[in-house]
Amino acid sequence: MKPTRTYPRLHIDTAPSNALGHAGGLLLTETVHTSGLDHHLKTALAPWKKPFAVHDPAKVLLDLAITLGLGGDALSDTTAVRDEPALYGPVASNPTITRIIQTLAGDVDRGLAAINQARAAARTRVWELAGQHAPNHDAVAQNPLIIDIDASLVTSHSEKENAKPTYKKGFGFHPLLAFIDHGDCGTGEPVAQLLRPGNAGSNTAADHIKLVKLILDQLPGSNPRPGKSVLIRTDTAGGTHDFVEFLTKRRLSYSVGWMLPGNTPELYRQLSELGAWEPAYDTNGDPREGADVAELTGVLDLADWPEGMRVIVRRERPHPGAQLRFDDVDGY
């Protein structure tokens with residue numbers, strides 16, 4: 001059975017008519033329909049729809065997402081979609097939107113799980129339609145699907161729930177975000193996120209582990225153990241024993257930042273004496289001027305770390321006469 005369209009189908013003609021604002025929003029509504037996100041979201045959020053309700057919770061969330069896509073950053077900005085019923089259909093009033101969000105927030109864990117389930121189903125459909133252009137097409141250990149994890153600071157200008165002082169002396173939130181790397185041909189695809197208070201730790205292993213579980217649930221194929229065909233990439237915040245051990249047990253590939261030990265100068269001398277430095281290459285496979293890499297695994301005590309972990313260091317010489325910079329280590 002073909003699902004009913006959530007947003008109106010538009011027809012283009014040359015007859016005299018009023019101009020349509022935010023015509024680019026048509027790309028968003030068609031994406032919603034083509035991906036099946038509206039259908040999957042309606043199904044997942046059906047338990048929250050009240051009898052005889054005029055506005056479906058799924059439609060309300062989609063309208064909010066489209067408002068963000070059009071540049072809105074506050075609930076009042078839903079006026080932009082409400083004023084174009086021919087394009088977006090009936091849009092709930094702000095009080096109605098607030099009540100529906102409060103209803104979903106009444107059981108936030110169950111609500112988020114339902115939303116994530118719908119997102120995963122829509123992503124599967126989109127990647128199927130993408131075919132050979134899908135991010136995971138022919139993903140193997142030698143050419144894995146790369147997922148980047150990083151935290152961000154979001155400033156809050158008022159005492160919002162969970163807004164806390166941040167490590168950069170600001171005030172707000174410290175969410176942990178994950179993006180699928182589309183390579184040179186595209187940008188990142190947001191796949192999962194954790195909303196955290198501003199004082200959340202940067203290298204909290206439990207948060208990184210929780211986020212990776214959310215990521216795996218979102219990847220098409222419904223395989224909780226995709227193995228080496230998926231590579232998790234983080235900065236030094238991910239270089240903790242618990243997180244690396246978790247990735248190893250899940251048999252995932254990984255590249256995480258590493259805090260250099262206190263005896264780095266001595267290790268550097270050993271690498272130089274061994275002639276271990278080799279030219280570094282950029283993503284095109286060309287040597288990068290002023291950059292070298294070396295393997296540090298053999299001169300480190302890694303007894304407390306997972307077996308088989310390798311430690312690679314990089315040094316940079318930005319320009320002649322500049323001070324040598326010895327970067328953090330990447331673990332594989």
# chains A, B, ... in the order shown; residues from 1 in each chain; ligands from 1
$ select_by_dssp --residues "region 247-314 of chain A" --states "helix (DSSP H, G or I)" --output "PyMOL selection string"
chain A and resi 247-249+264-274+297-299
$ residues_around --residues "Ala200 (chain A)" --least-positions-apart "2" --cutoff "9 Å" --atoms "only C-alpha atoms" --output "list in words"
Lys164, Thr166, Tyr167, Phe173, His174, Pro175, Arg196, Pro197, Gly198, Ser202, Asn203 and Thr204 of chain A
$ closest_residue --among "A:Ile115, A:Val140, A:Ala178, A:His22" --to "Thr79 (chain A)" --atoms "only C-alpha atoms"
A:His22
$ residues_around --residues "Thr248 (chain A)" --least-positions-apart "4" --cutoff "10 Å" --atoms "only C-alpha atoms" --output "list in words"
Gly227, Lys228, Asp242, Phe243, Val244, Leu252, Ser253, Tyr254, Pro306, Glu307, Gly308, Met309 and Tyr332 of chain A
$ write_last_selection --atoms "C-alpha atoms" --output "PDB file, in the first residue's frame"
ATOM      1  CA  GLY A 227      33.249  -5.288  12.068  1.00  0.00           C
ATOM      2  CA  LYS A 228      36.228  -3.609  10.440  1.00  0.00           C
ATOM      3  CA  ASP A 242      37.351   1.853  28.356  1.00  0.00           C
ATOM      4  CA  PHE A 243      36.395   3.308  24.977  1.00  0.00           C
ATOM      5  CA  VAL A 244      39.229   1.646  23.039  1.00  0.00           C
ATOM      6  CA  LEU A 252      35.381  -2.029  14.924  1.00  0.00           C
ATOM      7  CA  SER A 253      38.228  -0.219  13.212  1.00  0.00           C
ATOM      8  CA  TYR A 254      39.260   2.954  14.990  1.00  0.00           C
ATOM      9  CA  PRO A 306      44.096  -3.925  23.817  1.00  0.00           C
ATOM     10  CA  GLU A 307      46.328  -6.380  21.979  1.00  0.00           C
ATOM     11  CA  GLY A 308      47.150  -5.417  18.422  1.00  0.00           C
ATOM     12  CA  MET A 309      46.751  -1.678  18.912  1.00  0.00           C
ATOM     13  CA  TYR A 332      44.507   1.945  15.044  1.00  0.00           C
TER      14      TYR A 332
END
$ residues_around --residues "Ile180 (chain A)" --least-positions-apart "6" --cutoff "8 Å" --atoms "only C-alpha atoms" --output "CSV table (one decimal) with N, CA and C atoms, in the first residue's frame"
chain,number,residue,atom,x,y,z
A,135,PRO,N,27.1,5.8,1.1
A,135,PRO,CA,28.4,5.9,1.9
A,135,PRO,C,28.9,4.5,2.2
A,145,LEU,N,33.7,2.5,6.1
A,145,LEU,CA,32.8,3.6,6.3
A,145,LEU,C,33.3,4.4,7.5
A,146,ILE,N,33.7,5.7,7.4
A,146,ILE,CA,34.3,6.4,8.4
A,146,ILE,C,33.3,7.3,9.1
A,147,ILE,N,33.3,7.2,10.5
A,147,ILE,CA,32.3,8.0,11.3
A,147,ILE,C,33.1,8.8,12.2
A,148,ASP,N,33.0,10.1,12.2
A,148,ASP,CA,33.7,11.1,13.0
A,148,ASP,C,32.9,11.4,14.3
A,188,GLY,N,29.6,15.8,5.7
A,188,GLY,CA,29.2,14.8,6.7
A,188,GLY,C,27.7,14.6,6.8
A,189,GLU,N,27.3,13.4,7.1
A,189,GLU,CA,25.9,13.1,7.3
A,189,GLU,C,25.7,12.9,8.8
A,190,PRO,N,24.9,13.7,9.5
A,190,PRO,CA,24.7,13.5,10.9
A,190,PRO,C,24.0,12.2,11.2
A,191,VAL,N,24.5,11.4,12.1
A,191,VAL,CA,24.0,10.1,12.3
A,191,VAL,C,23.5,9.9,13.7
$ select_by_dssp --residues "region 69-292 of chain A" --states "strand (DSSP E)" --output "MDAnalysis selection string"
chainID A and resid 145:151 154:155 164:165 171:173 176:181 188:194 230:234 253:255 278:281 287:292
$ closest_residue --among "A:Val299, A:Asp282, A:Val311, A:Ala118" --to "Gln218 (chain A)" --atoms "only C-alpha atoms"
A:Ala118
$ closest_residue --among "A:Ala237, A:Ala163, A:Leu37, A:Leu247" --to "Arg125 (chain A)" --atoms "only C-alpha atoms"
A:Leu37
$ closest_residue --among "A:His182, A:Glu159, A:Arg119, A:Ala92" --to "Ala134 (chain A)" --atoms "only C-alpha atoms"
A:His182
$ atom_distance --atom1 "CA of Gly25 (chain A)" --atom2 "CA of Ile66 (chain A)"
7.5 Å
$ residues_around --residues "Asp56 (chain A)" --least-positions-apart "5" --cutoff "10 Å" --atoms "only C-alpha atoms" --output "JSON, numbers by chain"
{"A": [6, 41, 42, 45, 46, 48, 49, 50, 61, 92, 100]}
$ residues_around --residues "Trp127 (chain A)" --least-positions-apart "4" --cutoff "12 Å" --atoms "only C-alpha atoms" --output "PyMOL selection string"
chain A and resi 34-35+120-123+131-137+189+218-221
$ closest_residue --among "A:Pro8, A:Ile312, A:Gly239, A:Gly275" --to "Glu30 (chain A)" --atoms "only C-alpha atoms"
A:Pro8
$ closest_residue --among "A:Val81, A:Val54, A:Asn199, A:Pro47" --to "Thr67 (chain A)" --atoms "only C-alpha atoms"
A:Val81
$ decode --residues "region 22-104 of chain A" --atoms "C-alpha atoms" --output "PDB file, in the first residue's frame"
ATOM      1  CA  HIS A  22      10.605  29.442   0.481  1.00  0.00           C
ATOM      2  CA  ALA A  23      10.166  27.501  -2.751  1.00  0.00           C
ATOM      3  CA  GLY A  24      13.354  25.637  -1.861  1.00  0.00           C
ATOM      4  CA  GLY A  25      11.364  24.019   0.919  1.00  0.00           C
ATOM      5  CA  LEU A  26       9.908  21.781  -1.772  1.00  0.00           C
ATOM      6  CA  LEU A  27      13.226  19.897  -1.788  1.00  0.00           C
ATOM      7  CA  LEU A  28      12.755  19.179   1.916  1.00  0.00           C
ATOM      8  CA  THR A  29       9.157  18.021   1.643  1.00  0.00           C
ATOM      9  CA  GLU A  30       9.997  15.782  -1.320  1.00  0.00           C
ATOM     10  CA  THR A  31      12.938  14.331   0.602  1.00  0.00           C
ATOM     11  CA  VAL A  32      10.611  13.534   3.486  1.00  0.00           C
ATOM     12  CA  HIS A  33       8.232  11.730   1.135  1.00  0.00           C
ATOM     13  CA  THR A  34      10.854   9.922  -0.970  1.00  0.00           C
ATOM     14  CA  SER A  35      12.750   8.648   2.081  1.00  0.00           C
ATOM     15  CA  GLY A  36       9.535   7.507   3.753  1.00  0.00           C
ATOM     16  CA  LEU A  37      10.485   9.430   6.878  1.00  0.00           C
ATOM     17  CA  ASP A  38       6.931  10.721   7.290  1.00  0.00           C
ATOM     18  CA  HIS A  39       5.447   7.230   7.066  1.00  0.00           C
ATOM     19  CA  HIS A  40       7.968   5.670   9.454  1.00  0.00           C
ATOM     20  CA  LEU A  41       7.674   8.551  11.912  1.00  0.00           C
ATOM     21  CA  LYS A  42       3.871   8.362  11.952  1.00  0.00           C
ATOM     22  CA  THR A  43       4.060   4.643  12.651  1.00  0.00           C
ATOM     23  CA  ALA A  44       6.679   5.018  15.386  1.00  0.00           C
ATOM     24  CA  LEU A  45       4.876   7.887  17.148  1.00  0.00           C
ATOM     25  CA  ALA A  46       1.359   6.436  16.844  1.00  0.00           C
ATOM     26  CA  PRO A  47       1.203   5.654  20.607  1.00  0.00           C
ATOM     27  CA  TRP A  48       1.517   9.392  21.340  1.00  0.00           C
ATOM     28  CA  LYS A  49      -1.284  10.496  19.007  1.00  0.00           C
ATOM     29  CA  LYS A  50      -4.442  11.323  20.945  1.00  0.00           C
ATOM     30  CA  PRO A  51      -7.844  10.211  19.624  1.00  0.00           C
ATOM     31  CA  PHE A  52      -9.448  12.757  17.295  1.00  0.00           C
ATOM     32  CA  ALA A  53      -6.256  14.852  17.288  1.00  0.00           C
ATOM     33  CA  VAL A  54      -6.037  17.213  14.316  1.00  0.00           C
ATOM     34  CA  HIS A  55      -2.232  17.370  14.200  1.00  0.00           C
ATOM     35  CA  ASP A  56      -0.142  14.210  14.105  1.00  0.00           C
ATOM     36  CA  PRO A  57       3.002  14.251  16.336  1.00  0.00           C
ATOM     37  CA  ALA A  58       5.068  13.122  13.331  1.00  0.00           C
ATOM     38  CA  LYS A  59       3.899  16.062  11.211  1.00  0.00           C
ATOM     39  CA  VAL A  60       4.679  18.458  14.054  1.00  0.00           C
ATOM     40  CA  LEU A  61       8.268  17.164  14.347  1.00  0.00           C
ATOM     41  CA  LEU A  62       8.740  17.305  10.589  1.00  0.00           C
ATOM     42  CA  ASP A  63       7.454  20.894  10.484  1.00  0.00           C
ATOM     43  CA  LEU A  64       9.957  21.824  13.200  1.00  0.00           C
ATOM     44  CA  ALA A  65      12.782  20.150  11.267  1.00  0.00           C
ATOM     45  CA  ILE A  66      11.832  21.986   8.085  1.00  0.00           C
ATOM     46  CA  THR A  67      11.692  25.249  10.032  1.00  0.00           C
ATOM     47  CA  LEU A  68      15.292  24.641  11.080  1.00  0.00           C
ATOM     48  CA  GLY A  69      16.224  23.797   7.494  1.00  0.00           C
ATOM     49  CA  LEU A  70      14.788  27.122   6.366  1.00  0.00           C
ATOM     50  CA  GLY A  71      16.922  28.994   8.885  1.00  0.00           C
ATOM     51  CA  GLY A  72      14.578  29.219  11.852  1.00  0.00           C
ATOM     52  CA  ASP A  73      15.992  29.023  15.353  1.00  0.00           C
ATOM     53  CA  ALA A  74      12.938  29.561  17.575  1.00  0.00           C
ATOM     54  CA  LEU A  75       9.413  28.194  17.848  1.00  0.00           C
ATOM     55  CA  SER A  76       8.003  31.492  16.595  1.00  0.00           C
ATOM     56  CA  ASP A  77       9.785  30.879  13.276  1.00  0.00           C
ATOM     57  CA  THR A  78       7.245  28.163  12.418  1.00  0.00           C
ATOM     58  CA  THR A  79       5.243  31.080  11.012  1.00  0.00           C
ATOM     59  CA  ALA A  80       7.404  30.692   7.895  1.00  0.00           C
ATOM     60  CA  VAL A  81       5.876  27.278   7.176  1.00  0.00           C
ATOM     61  CA  ARG A  82       2.433  28.067   8.582  1.00  0.00           C
ATOM     62  CA  ASP A  83       2.036  30.911   6.103  1.00  0.00           C
ATOM     63  CA  GLU A  84       2.565  28.563   3.113  1.00  0.00           C
ATOM     64  CA  PRO A  85      -0.219  25.930   3.414  1.00  0.00           C
ATOM     65  CA  ALA A  86      -0.005  25.125  -0.303  1.00  0.00           C
ATOM     66  CA  LEU A  87       3.541  23.893   0.265  1.00  0.00           C
ATOM     67  CA  TYR A  88       3.559  22.608   3.852  1.00  0.00           C
ATOM     68  CA  GLY A  89      -0.084  21.791   4.482  1.00  0.00           C
ATOM     69  CA  PRO A  90      -1.750  22.600   7.818  1.00  0.00           C
ATOM     70  CA  VAL A  91       0.799  23.520  10.498  1.00  0.00           C
ATOM     71  CA  ALA A  92      -0.059  23.402  14.195  1.00  0.00           C
ATOM     72  CA  SER A  93      -0.144  26.555  16.289  1.00  0.00           C
ATOM     73  CA  ASN A  94       2.723  27.261  18.660  1.00  0.00           C
ATOM     74  CA  PRO A  95       0.708  26.255  21.772  1.00  0.00           C
ATOM     75  CA  THR A  96      -0.248  22.954  20.100  1.00  0.00           C
ATOM     76  CA  ILE A  97       3.367  22.284  19.119  1.00  0.00           C
ATOM     77  CA  THR A  98       4.445  22.949  22.694  1.00  0.00           C
ATOM     78  CA  ARG A  99       1.857  20.542  24.110  1.00  0.00           C
ATOM     79  CA  ILE A 100       2.885  17.760  21.706  1.00  0.00           C
ATOM     80  CA  ILE A 101       6.573  18.209  22.531  1.00  0.00           C
ATOM     81  CA  GLN A 102       5.729  18.103  26.252  1.00  0.00           C
ATOM     82  CA  THR A 103       3.789  14.889  25.696  1.00  0.00           C
ATOM     83  CA  LEU A 104       6.754  13.268  23.943  1.00  0.00           C
TER      84      LEU A 104
END
